[in-house]
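Please read the structure below before turning to the comments.
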Amino acid sequence: MKRIFEDTATAFALKTDSELERAYFIFKMIANEPLVRIGKAITNFAIKTHLPVEKLIRATVFDHFCGGVNEFDCLPTVDRMYEKNVCSVLDYSVEGKDTEDPLDDALAMVLKVLDFVKEKDAIPFAVFKPTGYGRFSLFHKVNKGKTLTAEEQEEWQRVLNRFDKTCKRAHELGVSLLVDAEESWIQDAADLLVEDMMRKYNKEKTIVFNTLQMYRWDRLDYLKNLHKKAREEGFKLGFKVVRGAYMEKENERAEEKGYATPICASKQETDVNFDNAITYMVDHLEDIEIFAGTHNENSSYRLMELMNDRGIKNDDNRVWFGQLYGMSDHISFNLAARGYKVAKYLPFGPVRDVMPYLIRRADENTSVAGQTSRELDLLEKERKRRKI
């Protein structure tokens, strides 16, 4: 397989010199772990005490990793990327709210994005996160099988209604919907909801996609068991496949509470698990559609090779590659230039509300060995090519 990800001219074609320099500066900062820790603490303090930091955040990390404060803000970025055949997934990245109004606001926003998806080929998917539709602690209680109070039962019904309203709308419009993953101790409750939505709305085509975090050693078995169920009951599956975003939190909680960690013992095991899941799905493409959410070059090459070996065309609509906006442009834009289906997650929302997402991005880049240094190497290569 030709090593296509070194082509920085294609990777950064949309970036102006000043945007390239900003990206280089941001990843230099993220590469410094003590600086990230201090920056997180200062940012959290500034937001909690309502210090006026929005402009600074907006001019740096926010504009690098996010599309804007609302969906209309995102459209120039959506259109620019689509000129290079890179699609967008508008992601209203406000999560973990504990009152009903923001939960209903999240529902209204996702329904609005679904209409965008229908109107614009550049936006092939909508997305929502279960904790955008219900309180974390409520999911946790349902996950543990605890009896809900009458009030909580009504609240859980509202969560179900939000799920169903969203999936029904996606089904009516004939567009696809990604449901993001959560921490392991609430994921089972979310999985059951998504499975019900698949049964209901994935009969003719794949509308609803769940997310598999493959740093969990149990997810491949979950995939195979659900596939068996889906074949027996006559519905299709769609999965976004990722490595996972909560590793440190998962391991710390398991140690603290004295149970076996759900996370693979090593990075290598996670990589094998991810590639095995991708292989399984490619081999059952008649039943399962794939959104491979990965910043890993080897896994991207692996999927390209599988498609080539199985005679699957580059532009087959059942196989998508996905990366986050502001990261891994060398993967996204080089794949798109060769005809593969590619979509960038484009987060948006009020600056303060999106900060938990941005902090997670900083944590992820700091903790993933080689991720930040690879970004820096490629940005440096492009700076030299442009003679900046």
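Labels for the structure tokens follow display order: chains A, B, ..., residues from 1 in each chain, ligands from 1.
Per DSSP on the backbone, strand (DSSP E) in stretch 236-331 of chain A comprises Leu237, Gly238, Phe239, Lys240, Val241, Val242, Ile288, Glu289, Ile290, Phe291, Ala292, Gly293, Val319, Trp320, Phe321, Gly322, Gln323 and Leu324 of chain A.
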Give the helix (DSSP H, G or I) residues of stretch 26-228 of chain A, as DSSP finds them on the backbone, and put them as an mmCIF file with N, CA and C atoms, in the first residue's frame.
```cif
data_model
loop_
_atom_site.group_PDB
_atom_site.id
_atom_site.type_symbol
_atom_site.label_atom_id
_atom_site.label_comp_id
_atom_site.auth_asym_id
_atom_site.auth_seq_id
_atom_site.Cartn_x
_atom_site.Cartn_y
_atom_site.Cartn_z
ATOM 1 N N ILE A 26 -0.162 25.708 18.676
ATOM 2 C CA ILE A 26 -1.075 24.968 19.559
ATOM 3 C C ILE A 26 -0.522 23.585 19.885
ATOM 4 N N PHE A 27 -0.028 22.875 18.878
ATOM 5 C CA PHE A 27 0.499 21.522 19.146
ATOM 6 C C PHE A 27 1.809 21.573 19.928
ATOM 7 N N LYS A 28 2.586 22.644 19.774
ATOM 8 C CA LYS A 28 3.771 22.849 20.610
ATOM 9 C C LYS A 28 3.355 22.959 22.076
ATOM 10 N N MET A 29 2.274 23.708 22.315
ATOM 11 C CA MET A 29 1.767 23.879 23.675
ATOM 12 C C MET A 29 1.261 22.538 24.228
ATOM 13 N N ILE A 30 0.476 21.821 23.414
ATOM 14 C CA ILE A 30 -0.118 20.558 23.863
ATOM 15 C C ILE A 30 0.964 19.517 24.154
ATOM 16 N N GLU A 33 3.317 18.576 28.663
ATOM 17 C CA GLU A 33 2.316 18.038 29.593
ATOM 18 C C GLU A 33 2.105 18.923 30.830
ATOM 19 N N PRO A 34 3.171 19.408 31.484
ATOM 20 C CA PRO A 34 2.940 20.300 32.638
ATOM 21 C C PRO A 34 2.164 21.560 32.250
ATOM 22 N N LEU A 35 2.463 22.082 31.048
ATOM 23 C CA LEU A 35 1.772 23.276 30.572
ATOM 24 C C LEU A 35 0.279 22.999 30.360
ATOM 25 N N VAL A 36 -0.038 21.812 29.840
ATOM 26 C CA VAL A 36 -1.442 21.427 29.634
ATOM 27 C C VAL A 36 -2.168 21.357 30.976
ATOM 28 N N ARG A 37 -1.506 20.762 31.979
ATOM 29 C CA ARG A 37 -2.130 20.652 33.314
ATOM 30 C C ARG A 37 -2.414 22.033 33.896
ATOM 31 N N ILE A 38 -1.415 22.917 33.805
ATOM 32 C CA ILE A 38 -1.582 24.279 34.334
ATOM 33 C C ILE A 38 -2.672 25.013 33.543
ATOM 34 N N GLY A 39 -2.634 24.875 32.212
ATOM 35 C CA GLY A 39 -3.621 25.536 31.349
ATOM 36 C C GLY A 39 -5.040 25.090 31.659
ATOM 37 N N LYS A 40 -5.215 23.785 31.909
ATOM 38 C CA LYS A 40 -6.542 23.259 32.261
ATOM 39 C C LYS A 40 -7.040 23.877 33.560
ATOM 40 N N ALA A 41 -6.161 23.909 34.555
ATOM 41 C CA ALA A 41 -6.547 24.445 35.864
ATOM 42 C C ALA A 41 -6.931 25.924 35.755
ATOM 43 N N ILE A 42 -6.118 26.676 35.024
ATOM 44 C CA ILE A 42 -6.401 28.114 34.866
ATOM 45 C C ILE A 42 -7.705 28.329 34.102
ATOM 46 N N THR A 43 -7.888 27.552 33.043
ATOM 47 C CA THR A 43 -9.107 27.686 32.221
ATOM 48 C C THR A 43 -10.353 27.349 33.036
ATOM 49 N N ASN A 44 -10.301 26.235 33.761
ATOM 50 C CA ASN A 44 -11.455 25.845 34.594
ATOM 51 C C ASN A 44 -11.770 26.921 35.627
ATOM 52 N N PHE A 45 -10.704 27.465 36.251
ATOM 53 C CA PHE A 45 -10.894 28.522 37.249
ATOM 54 C C PHE A 45 -11.514 29.764 36.596
ATOM 55 N N ALA A 46 -10.982 30.148 35.436
ATOM 56 C CA ALA A 46 -11.467 31.359 34.749
ATOM 57 C C ALA A 46 -12.932 31.225 34.363
ATOM 58 N N ILE A 47 -13.323 30.037 33.914
ATOM 59 C CA ILE A 47 -14.712 29.834 33.479
ATOM 60 C C ILE A 47 -15.657 29.797 34.686
ATOM 61 N N LYS A 48 -15.228 29.103 35.751
ATOM 62 C CA LYS A 48 -16.079 29.022 36.950
ATOM 63 C C LYS A 48 -16.281 30.394 37.600
ATOM 64 N N GLU A 54 -13.175 34.297 27.005
ATOM 65 C CA GLU A 54 -13.705 33.729 25.759
ATOM 66 C C GLU A 54 -12.908 34.146 24.521
ATOM 67 N N LYS A 55 -12.531 35.436 24.467
ATOM 68 C CA LYS A 55 -11.830 35.921 23.266
ATOM 69 C C LYS A 55 -10.493 35.221 23.076
ATOM 70 N N LEU A 56 -9.769 35.040 24.181
ATOM 71 C CA LEU A 56 -8.474 34.356 24.107
ATOM 72 C C LEU A 56 -8.658 32.906 23.676
ATOM 73 N N ILE A 57 -9.619 32.221 24.300
ATOM 74 C CA ILE A 57 -9.877 30.817 23.954
ATOM 75 C C ILE A 57 -10.340 30.707 22.507
ATOM 76 N N ARG A 58 -11.216 31.632 22.109
ATOM 77 C CA ARG A 58 -11.760 31.625 20.751
ATOM 78 C C ARG A 58 -10.659 31.791 19.713
ATOM 79 N N ALA A 59 -9.703 32.655 19.993
ATOM 80 C CA ALA A 59 -8.655 32.950 19.015
ATOM 81 C C ALA A 59 -7.605 31.850 18.910
ATOM 82 N N THR A 60 -7.583 30.935 19.869
ATOM 83 C CA THR A 60 -6.543 29.897 19.864
ATOM 84 C C THR A 60 -7.170 28.510 19.691
ATOM 85 N N VAL A 61 -7.332 27.786 20.812
ATOM 86 C CA VAL A 61 -7.769 26.385 20.697
ATOM 87 C C VAL A 61 -9.175 26.238 20.117
ATOM 88 N N PHE A 62 -10.077 27.151 20.454
ATOM 89 C CA PHE A 62 -11.460 27.006 19.987
ATOM 90 C C PHE A 62 -11.520 27.033 18.459
ATOM 91 N N ASP A 63 -10.931 28.047 17.851
ATOM 92 C CA ASP A 63 -11.015 28.157 16.388
ATOM 93 C C ASP A 63 -10.222 27.070 15.673
ATOM 94 N N HIS A 64 -9.231 26.490 16.371
ATOM 95 C CA HIS A 64 -8.475 25.398 15.738
ATOM 96 C C HIS A 64 -9.271 24.098 15.751
ATOM 97 N N PHE A 65 -9.975 23.813 16.859
ATOM 98 C CA PHE A 65 -10.651 22.525 17.016
ATOM 99 C C PHE A 65 -12.166 22.589 16.798
ATOM 100 N N GLU A 71 -24.423 26.641 14.439
ATOM 101 C CA GLU A 71 -24.331 25.851 13.206
ATOM 102 C C GLU A 71 -24.040 26.712 11.980
ATOM 103 N N PHE A 72 -24.525 27.948 11.977
ATOM 104 C CA PHE A 72 -24.301 28.821 10.813
ATOM 105 C C PHE A 72 -22.843 29.277 10.735
ATOM 106 N N ASP A 73 -22.243 29.449 11.900
ATOM 107 C CA ASP A 73 -20.808 29.759 11.976
ATOM 108 C C ASP A 73 -19.964 28.711 11.251
ATOM 109 N N CYS A 74 -20.442 27.467 11.276
ATOM 110 C CA CYS A 74 -19.668 26.344 10.734
ATOM 111 C C CYS A 74 -19.679 26.283 9.203
ATOM 112 N N LEU A 75 -20.664 26.906 8.574
ATOM 113 C CA LEU A 75 -20.872 26.679 7.139
ATOM 114 C C LEU A 75 -19.691 27.066 6.249
ATOM 115 N N PRO A 76 -18.989 28.188 6.486
ATOM 116 C CA PRO A 76 -17.821 28.470 5.640
ATOM 117 C C PRO A 76 -16.771 27.366 5.705
ATOM 118 N N THR A 77 -16.545 26.821 6.908
ATOM 119 C CA THR A 77 -15.583 25.710 7.062
ATOM 120 C C THR A 77 -16.090 24.461 6.360
ATOM 121 N N VAL A 78 -17.382 24.176 6.527
ATOM 122 C CA VAL A 78 -17.993 23.020 5.853
ATOM 123 C C VAL A 78 -17.786 23.122 4.339
ATOM 124 N N ASP A 79 -18.075 24.284 3.789
ATOM 125 C CA ASP A 79 -17.973 24.468 2.331
ATOM 126 C C ASP A 79 -16.523 24.383 1.840
ATOM 127 N N ARG A 80 -15.609 24.970 2.618
ATOM 128 C CA ARG A 80 -14.191 24.930 2.233
ATOM 129 C C ARG A 80 -13.673 23.496 2.203
ATOM 130 N N MET A 81 -14.001 22.725 3.236
ATOM 131 C CA MET A 81 -13.509 21.343 3.289
ATOM 132 C C MET A 81 -14.124 20.497 2.169
ATOM 133 N N TYR A 82 -15.388 20.782 1.860
ATOM 134 C CA TYR A 82 -16.067 19.978 0.835
ATOM 135 C C TYR A 82 -15.477 20.210 -0.559
ATOM 136 N N GLU A 100 -33.214 20.141 32.707
ATOM 137 C CA GLU A 100 -34.005 19.749 31.535
ATOM 138 C C GLU A 100 -33.872 20.707 30.352
ATOM 139 N N ASP A 101 -33.798 22.012 30.611
ATOM 140 C CA ASP A 101 -33.763 22.962 29.498
ATOM 141 C C ASP A 101 -32.598 22.713 28.544
ATOM 142 N N PRO A 102 -31.335 22.600 29.046
ATOM 143 C CA PRO A 102 -30.235 22.321 28.111
ATOM 144 C C PRO A 102 -30.391 20.991 27.376
ATOM 145 N N LEU A 103 -31.009 19.995 28.030
ATOM 146 C CA LEU A 103 -31.233 18.697 27.371
ATOM 147 C C LEU A 103 -32.206 18.866 26.205
ATOM 148 N N ASP A 104 -33.252 19.639 26.432
ATOM 149 C CA ASP A 104 -34.197 19.908 25.350
ATOM 150 C C ASP A 104 -33.573 20.795 24.269
ATOM 151 N N ASP A 105 -32.679 21.706 24.706
ATOM 152 C CA ASP A 105 -31.957 22.533 23.732
ATOM 153 C C ASP A 105 -31.087 21.664 22.835
ATOM 154 N N ALA A 106 -30.438 20.664 23.440
ATOM 155 C CA ALA A 106 -29.585 19.752 22.661
ATOM 156 C C ALA A 106 -30.424 18.999 21.634
ATOM 157 N N LEU A 107 -31.614 18.539 22.051
ATOM 158 C CA LEU A 107 -32.521 17.858 21.126
ATOM 159 C C LEU A 107 -32.902 18.779 19.964
ATOM 160 N N ALA A 108 -33.286 20.005 20.286
ATOM 161 C CA ALA A 108 -33.687 20.960 19.241
ATOM 162 C C ALA A 108 -32.541 21.207 18.265
ATOM 163 N N MET A 109 -31.312 21.292 18.804
ATOM 164 C CA MET A 109 -30.152 21.549 17.950
ATOM 165 C C MET A 109 -29.877 20.368 17.021
ATOM 166 N N VAL A 110 -29.954 19.149 17.553
ATOM 167 C CA VAL A 110 -29.698 17.962 16.710
ATOM 168 C C VAL A 110 -30.763 17.842 15.617
ATOM 169 N N LEU A 111 -32.016 18.129 15.954
ATOM 170 C CA LEU A 111 -33.086 18.097 14.944
ATOM 171 C C LEU A 111 -32.816 19.133 13.851
ATOM 172 N N LYS A 112 -32.297 20.293 14.243
ATOM 173 C CA LYS A 112 -31.963 21.337 13.284
ATOM 174 C C LYS A 112 -30.814 20.870 12.374
ATOM 175 N N VAL A 113 -29.818 20.225 12.985
ATOM 176 C CA VAL A 113 -28.678 19.713 12.211
ATOM 177 C C VAL A 113 -29.138 18.642 11.224
ATOM 178 N N LEU A 114 -30.114 17.824 11.627
ATOM 179 C CA LEU A 114 -30.647 16.807 10.709
ATOM 180 C C LEU A 114 -31.211 17.451 9.448
ATOM 181 N N ASP A 115 -31.869 18.587 9.601
ATOM 182 C CA ASP A 115 -32.367 19.305 8.423
ATOM 183 C C ASP A 115 -31.204 19.799 7.557
ATOM 184 N N PHE A 116 -30.109 20.241 8.206
ATOM 185 C CA PHE A 116 -28.904 20.632 7.471
ATOM 186 C C PHE A 116 -28.377 19.446 6.665
ATOM 187 N N VAL A 117 -28.343 18.277 7.320
ATOM 188 C CA VAL A 117 -27.819 17.067 6.680
ATOM 189 C C VAL A 117 -28.604 16.758 5.410
ATOM 190 N N LYS A 118 -29.915 16.892 5.505
ATOM 191 C CA LYS A 118 -30.767 16.609 4.353
ATOM 192 C C LYS A 118 -30.490 17.573 3.208
ATOM 193 N N GLU A 119 -30.202 18.833 3.546
ATOM 194 C CA GLU A 119 -30.037 19.874 2.526
ATOM 195 C C GLU A 119 -28.637 19.917 1.924
ATOM 196 N N PRO A 130 -25.361 10.485 24.233
ATOM 197 C CA PRO A 130 -26.437 10.141 25.171
ATOM 198 C C PRO A 130 -26.562 11.106 26.349
ATOM 199 N N THR A 131 -25.420 11.530 26.933
ATOM 200 C CA THR A 131 -25.501 12.450 28.075
ATOM 201 C C THR A 131 -25.842 13.870 27.651
ATOM 202 N N GLY A 132 -25.980 14.105 26.349
ATOM 203 C CA GLY A 132 -26.581 15.348 25.888
ATOM 204 C C GLY A 132 -28.096 15.305 26.023
ATOM 205 N N TYR A 133 -28.641 14.081 26.164
ATOM 206 C CA TYR A 133 -30.095 13.886 26.216
ATOM 207 C C TYR A 133 -30.609 13.452 27.585
ATOM 208 N N PHE A 136 -26.182 12.276 33.500
ATOM 209 C CA PHE A 136 -25.211 11.191 33.685
ATOM 210 C C PHE A 136 -25.639 10.275 34.832
ATOM 211 N N SER A 137 -26.022 10.895 35.961
ATOM 212 C CA SER A 137 -26.366 10.102 37.148
ATOM 213 C C SER A 137 -27.612 9.243 36.918
ATOM 214 N N LEU A 138 -28.504 9.710 36.056
ATOM 215 C CA LEU A 138 -29.692 8.911 35.731
ATOM 216 C C LEU A 138 -29.289 7.698 34.881
ATOM 217 N N PHE A 139 -28.446 7.925 33.881
ATOM 218 C CA PHE A 139 -27.922 6.800 33.089
ATOM 219 C C PHE A 139 -27.224 5.790 33.997
ATOM 220 N N HIS A 140 -26.468 6.300 34.953
ATOM 221 C CA HIS A 140 -25.721 5.413 35.852
ATOM 222 C C HIS A 140 -26.671 4.547 36.675
ATOM 223 N N LYS A 141 -27.744 5.139 37.159
ATOM 224 C CA LYS A 141 -28.709 4.393 37.971
ATOM 225 C C LYS A 141 -29.399 3.312 37.131
ATOM 226 N N VAL A 142 -29.778 3.673 35.892
ATOM 227 C CA VAL A 142 -30.403 2.698 34.981
ATOM 228 C C VAL A 142 -29.403 1.587 34.654
ATOM 229 N N ASN A 143 -28.141 1.977 34.438
ATOM 230 C CA ASN A 143 -27.101 1.018 34.093
ATOM 231 C C ASN A 143 -26.909 -0.034 35.192
ATOM 232 N N ALA A 150 -40.631 7.395 40.972
ATOM 233 C CA ALA A 150 -41.665 7.773 39.993
ATOM 234 C C ALA A 150 -41.201 8.978 39.163
ATOM 235 N N GLU A 151 -40.565 9.911 39.855
ATOM 236 C CA GLU A 151 -40.079 11.115 39.170
ATOM 237 C C GLU A 151 -38.969 10.759 38.162
ATOM 238 N N GLU A 152 -38.085 9.861 38.596
ATOM 239 C CA GLU A 152 -36.991 9.430 37.709
ATOM 240 C C GLU A 152 -37.521 8.621 36.515
ATOM 241 N N GLN A 153 -38.569 7.851 36.754
ATOM 242 C CA GLN A 153 -39.169 7.096 35.641
ATOM 243 C C GLN A 153 -39.704 8.047 34.577
ATOM 244 N N GLU A 154 -40.343 9.120 35.032
ATOM 245 C CA GLU A 154 -40.831 10.131 34.086
ATOM 246 C C GLU A 154 -39.663 10.793 33.344
ATOM 247 N N GLU A 155 -38.600 11.053 34.103
ATOM 248 C CA GLU A 155 -37.419 11.681 33.504
ATOM 249 C C GLU A 155 -36.777 10.750 32.465
ATOM 250 N N TRP A 156 -36.682 9.449 32.809
ATOM 251 C CA TRP A 156 -36.106 8.465 31.880
ATOM 252 C C TRP A 156 -36.966 8.356 30.627
ATOM 253 N N GLN A 157 -38.258 8.455 30.793
ATOM 254 C CA GLN A 157 -39.156 8.418 29.634
ATOM 255 C C GLN A 157 -38.880 9.605 28.708
ATOM 256 N N ARG A 158 -38.565 10.750 29.308
ATOM 257 C CA ARG A 158 -38.228 11.915 28.470
ATOM 258 C C ARG A 158 -36.933 11.677 27.694
ATOM 259 N N VAL A 159 -35.977 10.967 28.328
ATOM 260 C CA VAL A 159 -34.731 10.599 27.630
ATOM 261 C C VAL A 159 -35.063 9.694 26.441
ATOM 262 N N LEU A 160 -35.894 8.685 26.692
ATOM 263 C CA LEU A 160 -36.316 7.772 25.609
ATOM 264 C C LEU A 160 -36.992 8.547 24.486
ATOM 265 N N ASN A 161 -37.835 9.492 24.871
ATOM 266 C CA ASN A 161 -38.559 10.285 23.865
ATOM 267 C C ASN A 161 -37.596 11.110 23.014
ATOM 268 N N ARG A 162 -36.549 11.662 23.669
ATOM 269 C CA ARG A 162 -35.565 12.444 22.900
ATOM 270 C C ARG A 162 -34.836 11.549 21.901
ATOM 271 N N PHE A 163 -34.434 10.366 22.359
ATOM 272 C CA PHE A 163 -33.786 9.402 21.452
ATOM 273 C C PHE A 163 -34.696 9.090 20.273
ATOM 274 N N ASP A 164 -35.940 8.744 20.589
ATOM 275 C CA ASP A 164 -36.852 8.301 19.545
ATOM 276 C C ASP A 164 -37.197 9.418 18.568
ATOM 277 N N LYS A 165 -37.408 10.607 19.093
ATOM 278 C CA LYS A 165 -37.751 11.744 18.234
ATOM 279 C C LYS A 165 -36.626 12.012 17.231
ATOM 280 N N THR A 166 -35.383 11.919 17.722
ATOM 281 C CA THR A 166 -34.221 12.164 16.864
ATOM 282 C C THR A 166 -34.100 11.078 15.790
ATOM 283 N N CYS A 167 -34.178 9.829 16.208
ATOM 284 C CA CYS A 167 -34.014 8.721 15.258
ATOM 285 C C CYS A 167 -35.165 8.659 14.254
ATOM 286 N N LYS A 168 -36.365 8.969 14.731
ATOM 287 C CA LYS A 168 -37.524 8.993 13.834
ATOM 288 C C LYS A 168 -37.354 10.060 12.764
ATOM 289 N N ARG A 169 -36.870 11.240 13.185
ATOM 290 C CA ARG A 169 -36.656 12.334 12.226
ATOM 291 C C ARG A 169 -35.591 11.950 11.201
ATOM 292 N N ALA A 170 -34.507 11.335 11.671
ATOM 293 C CA ALA A 170 -33.453 10.884 10.760
ATOM 294 C C ALA A 170 -34.003 9.870 9.764
ATOM 295 N N HIS A 171 -34.849 8.967 10.252
ATOM 296 C CA HIS A 171 -35.466 7.955 9.399
ATOM 297 C C HIS A 171 -36.369 8.590 8.345
ATOM 298 N N GLU A 172 -37.171 9.575 8.777
ATOM 299 C CA GLU A 172 -38.073 10.271 7.840
ATOM 300 C C GLU A 172 -37.282 10.992 6.744
ATOM 301 N N LEU A 173 -36.141 11.568 7.123
ATOM 302 C CA LEU A 173 -35.325 12.297 6.159
ATOM 303 C C LEU A 173 -34.409 11.378 5.352
ATOM 304 N N SER A 184 -17.751 3.462 30.542
ATOM 305 C CA SER A 184 -18.236 2.081 30.594
ATOM 306 C C SER A 184 -19.349 1.885 31.607
ATOM 307 N N TRP A 185 -19.317 2.681 32.700
ATOM 308 C CA TRP A 185 -20.315 2.447 33.761
ATOM 309 C C TRP A 185 -21.679 3.052 33.443
ATOM 310 N N ILE A 186 -21.827 3.683 32.264
ATOM 311 C CA ILE A 186 -23.182 4.043 31.810
ATOM 312 C C ILE A 186 -23.445 3.550 30.380
ATOM 313 N N GLN A 187 -22.440 2.909 29.757
ATOM 314 C CA GLN A 187 -22.562 2.549 28.347
ATOM 315 C C GLN A 187 -23.633 1.492 28.082
ATOM 316 N N ASP A 188 -23.802 0.527 28.994
ATOM 317 C CA ASP A 188 -24.814 -0.521 28.760
ATOM 318 C C ASP A 188 -26.210 0.075 28.610
ATOM 319 N N ALA A 189 -26.526 1.062 29.461
ATOM 320 C CA ALA A 189 -27.843 1.714 29.387
ATOM 321 C C ALA A 189 -28.003 2.422 28.040
ATOM 322 N N ALA A 190 -26.933 3.094 27.597
ATOM 323 C CA ALA A 190 -26.979 3.764 26.296
ATOM 324 C C ALA A 190 -27.098 2.747 25.167
ATOM 325 N N ASP A 191 -26.343 1.644 25.261
ATOM 326 C CA ASP A 191 -26.384 0.607 24.219
ATOM 327 C C ASP A 191 -27.794 0.064 24.020
ATOM 328 N N LEU A 192 -28.484 -0.209 25.123
ATOM 329 C CA LEU A 192 -29.838 -0.772 25.017
ATOM 330 C C LEU A 192 -30.782 0.194 24.303
ATOM 331 N N LEU A 193 -30.631 1.490 24.601
ATOM 332 C CA LEU A 193 -31.460 2.490 23.912
ATOM 333 C C LEU A 193 -31.156 2.501 22.414
ATOM 334 N N VAL A 194 -29.868 2.497 22.074
ATOM 335 C CA VAL A 194 -29.482 2.564 20.655
ATOM 336 C C VAL A 194 -29.914 1.293 19.919
ATOM 337 N N GLU A 195 -29.772 0.151 20.579
ATOM 338 C CA GLU A 195 -30.221 -1.108 19.950
ATOM 339 C C GLU A 195 -31.711 -1.061 19.629
ATOM 340 N N ASP A 196 -32.501 -0.530 20.543
ATOM 341 C CA ASP A 196 -33.946 -0.388 20.290
ATOM 342 C C ASP A 196 -34.206 0.506 19.083
ATOM 343 N N MET A 197 -33.423 1.583 18.969
ATOM 344 C CA MET A 197 -33.563 2.496 17.823
ATOM 345 C C MET A 197 -33.172 1.795 16.515
ATOM 346 N N MET A 198 -32.136 0.958 16.568
ATOM 347 C CA MET A 198 -31.722 0.194 15.373
ATOM 348 C C MET A 198 -32.815 -0.775 14.942
ATOM 349 N N ARG A 199 -33.378 -1.475 15.919
ATOM 350 C CA ARG A 199 -34.473 -2.407 15.606
ATOM 351 C C ARG A 199 -35.619 -1.688 14.899
ATOM 352 N N LYS A 200 -35.887 -0.506 15.354
ATOM 353 C CA LYS A 200 -37.046 0.239 14.873
ATOM 354 C C LYS A 200 -36.785 0.922 13.534
ATOM 355 N N TYR A 201 -35.568 1.488 13.368
ATOM 356 C CA TYR A 201 -35.339 2.369 12.219
ATOM 357 C C TYR A 201 -34.294 1.870 11.210
ATOM 358 N N ARG A 219 -15.605 -5.357 23.582
ATOM 359 C CA ARG A 219 -16.442 -4.790 22.512
ATOM 360 C C ARG A 219 -16.525 -5.655 21.258
ATOM 361 N N LEU A 220 -15.488 -6.431 20.967
ATOM 362 C CA LEU A 220 -15.555 -7.296 19.777
ATOM 363 C C LEU A 220 -16.626 -8.370 19.972
ATOM 364 N N ASP A 221 -16.681 -8.952 21.158
ATOM 365 C CA ASP A 221 -17.733 -9.933 21.457
ATOM 366 C C ASP A 221 -19.113 -9.288 21.401
ATOM 367 N N TYR A 222 -19.206 -8.056 21.918
ATOM 368 C CA TYR A 222 -20.478 -7.324 21.863
ATOM 369 C C TYR A 222 -20.920 -7.153 20.407
ATOM 370 N N LEU A 223 -19.987 -6.763 19.549
ATOM 371 C CA LEU A 223 -20.284 -6.575 18.122
ATOM 372 C C LEU A 223 -20.792 -7.875 17.499
ATOM 373 N N LYS A 224 -20.102 -8.967 17.754
ATOM 374 C CA LYS A 224 -20.479 -10.253 17.144
ATOM 375 C C LYS A 224 -21.841 -10.733 17.648
ATOM 376 N N ASN A 225 -22.084 -10.556 18.954
ATOM 377 C CA ASN A 225 -23.376 -10.981 19.518
ATOM 378 C C ASN A 225 -24.534 -10.144 18.979
ATOM 379 N N LEU A 226 -24.298 -8.844 18.851
ATOM 380 C CA LEU A 226 -25.358 -7.977 18.324
ATOM 381 C C LEU A 226 -25.599 -8.268 16.843
ATOM 382 N N HIS A 227 -24.532 -8.583 16.104
ATOM 383 C CA HIS A 227 -24.686 -8.941 14.696
ATOM 384 C C HIS A 227 -25.575 -10.180 14.550
ATOM 385 N N LYS A 228 -25.332 -11.173 15.409
ATOM 386 C CA LYS A 228 -26.151 -12.397 15.393
ATOM 387 C C LYS A 228 -27.617 -12.051 15.661
#
```
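Residue neighbourhood of A:Lys249, excluding near-sequence residues (fewer than 3 positions): Glu182, Glu183, Ser184, Trp185, Gly244, Ala245, Tyr246, Glu252, Arg253, Ala254, Glu255, Glu256, Thr261, Pro262, Ile263, Arg360, Asp363 and Glu364 of chain A, at 12 Å, using only C-alpha atoms.
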*Long-range neighbours of A:Leu212 as an MDAnalysis selection string, 8 Å cut-off, only C-alpha atoms, 2 positions minimum in chain*: chainID A and resid 181 210 214 219 239:243
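Nearest-residue note for A:Val179: choosing from A:Asn85, A:Thr211, A:Asn317, A:Thr16, the minimum distance belongs to A:Thr211, counting only C-alpha atoms.
One finds atom CA of A:Arg231 at 26.4 Å from atom CA of A:Asn314.
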*Show which residues sit within 10 Å of A:Ile331, as a count of residues only. Count only C-alpha atoms, and ignore same-chain residues fewer than 4 positions away.*
20
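Between atom CA of A:Glu380 and atom CA of A:Ser328 the interatomic distance comes to 14.0 Å.
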*Could you give me, as a list of chain:residue names, the residues within 7 Å of A:Val94, counting only C-alpha atoms and dropping anything in the same chain fewer than 5 positions from it?*
A:Gly132, A:Gly349, A:Asp353, A:Val354
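Between atom CA of A:Phe25 and atom CA of A:Leu358 the interatomic distance comes to 15.9 Å.
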